[in-house]
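K.L.:
Sharing a structure with you now.
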Amino acid sequence: MQNQQHNKIIRVDGSEQPIEGRPSIAGISKLIGADVLGTVNLRDGRVMLLDDNGVANGRTPNPAATVLYHGVCIPGTTHKIHGDVAIVLDADFA
């Protein structure tokens, strides 16, 4: 399996865009419009990279990313992910 199949951007409108080649932190930051990246370990070998200032920057909630986030959170968590996110293989950054 190639990494490109796993590495993608999930936009706030639910659309997905593959990330071609091996992703870089700078490239991902640019793709999702983030000055400061936050991470969420999805516990399956993937990591979600997100705009750590998404709420403060007025980013729109991202329902698809929020579902992934809630899947690995403490039950009852209500925080939402705001803005576009990248889903990448953790091994690409080891």
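The chains in the structure tokens are called A, B, ... from first to last as shown; in each chain the residues are counted from 1, and the ligands are counted from 1 in the order shown.
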Within region 11-88 of chain A, find each residue whose DSSP state, derived from the backbone, is alpha helix (DSSP H), and express the selection as number ranges by chain.

P.N.:
A: 25-32, 63-70

K.L.:
Find the spatial neighbours of region 10-18 of chain A, counting only C-alpha atoms, within a cut-off of 12 Å - ignore same-chain residues fewer than 3 positions away - and output them as an NGL selection string.

P.N.:
:A and (2-7 or 21-23 or 28 or 31-33 or 48-50 or 54 or 59-68 or 80-88)

K.L.:
Name the residues of chain A that come out as strand (DSSP E) in a backbone DSSP run; write them as a list in words.

P.N.:
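DSSP on the backbone gives strand (DSSP E) at Lys8, Ile9, Ile10, Glu16, Gln17, Pro18, Leu37, Gly38, Thr39, Val40, Asn41, Arg46, Val47, Met48, Leu49, Leu50, Asp51, Val85, Ala86, Ile87, Val88 and Leu89 of chain A.
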
K.L.:
Atoms to include: C-alpha atoms. Write the selected residues as a JSON list (two decimals), in the first residue's frame.

P.N.:
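Final output, part-v9.json:
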[["chain", "number", "residue", "atom", "x", "y", "z"],
["A", 8, "LYS", "CA", -5.20, 13.40, 2.69],
["A", 9, "ILE", "CA", -6.75, 16.76, 3.51],
["A", 10, "ILE", "CA", -10.29, 16.76, 4.88],
["A", 16, "GLU", "CA", -11.11, 15.08, 0.58],
["A", 17, "GLN", "CA", -7.92, 15.90, -1.30],
["A", 18, "PRO", "CA", -5.04, 13.43, -1.49],
["A", 37, "LEU", "CA", -0.24, 22.88, 14.02],
["A", 38, "GLY", "CA", -1.88, 20.71, 16.64],
["A", 39, "THR", "CA", -2.01, 16.92, 16.49],
["A", 40, "VAL", "CA", -4.48, 14.19, 17.35],
["A", 41, "ASN", "CA", -3.22, 10.59, 17.48],
["A", 46, "ARG", "CA", -2.43, 7.91, 11.55],
["A", 47, "VAL", "CA", -2.25, 11.41, 12.97],
["A", 48, "MET", "CA", -4.61, 14.32, 12.36],
["A", 49, "LEU", "CA", -2.80, 17.63, 11.90],
["A", 50, "LEU", "CA", -5.00, 20.66, 12.51],
["A", 51, "ASP", "CA", -4.93, 24.42, 12.96],
["A", 85, "VAL", "CA", -7.18, 19.05, 8.62],
["A", 86, "ALA", "CA", -4.57, 16.66, 7.27],
["A", 87, "ILE", "CA", -4.64, 12.94, 7.99],
["A", 88, "VAL", "CA", -1.17, 11.43, 7.62],
["A", 89, "LEU", "CA", 0.71, 8.31, 8.53]]
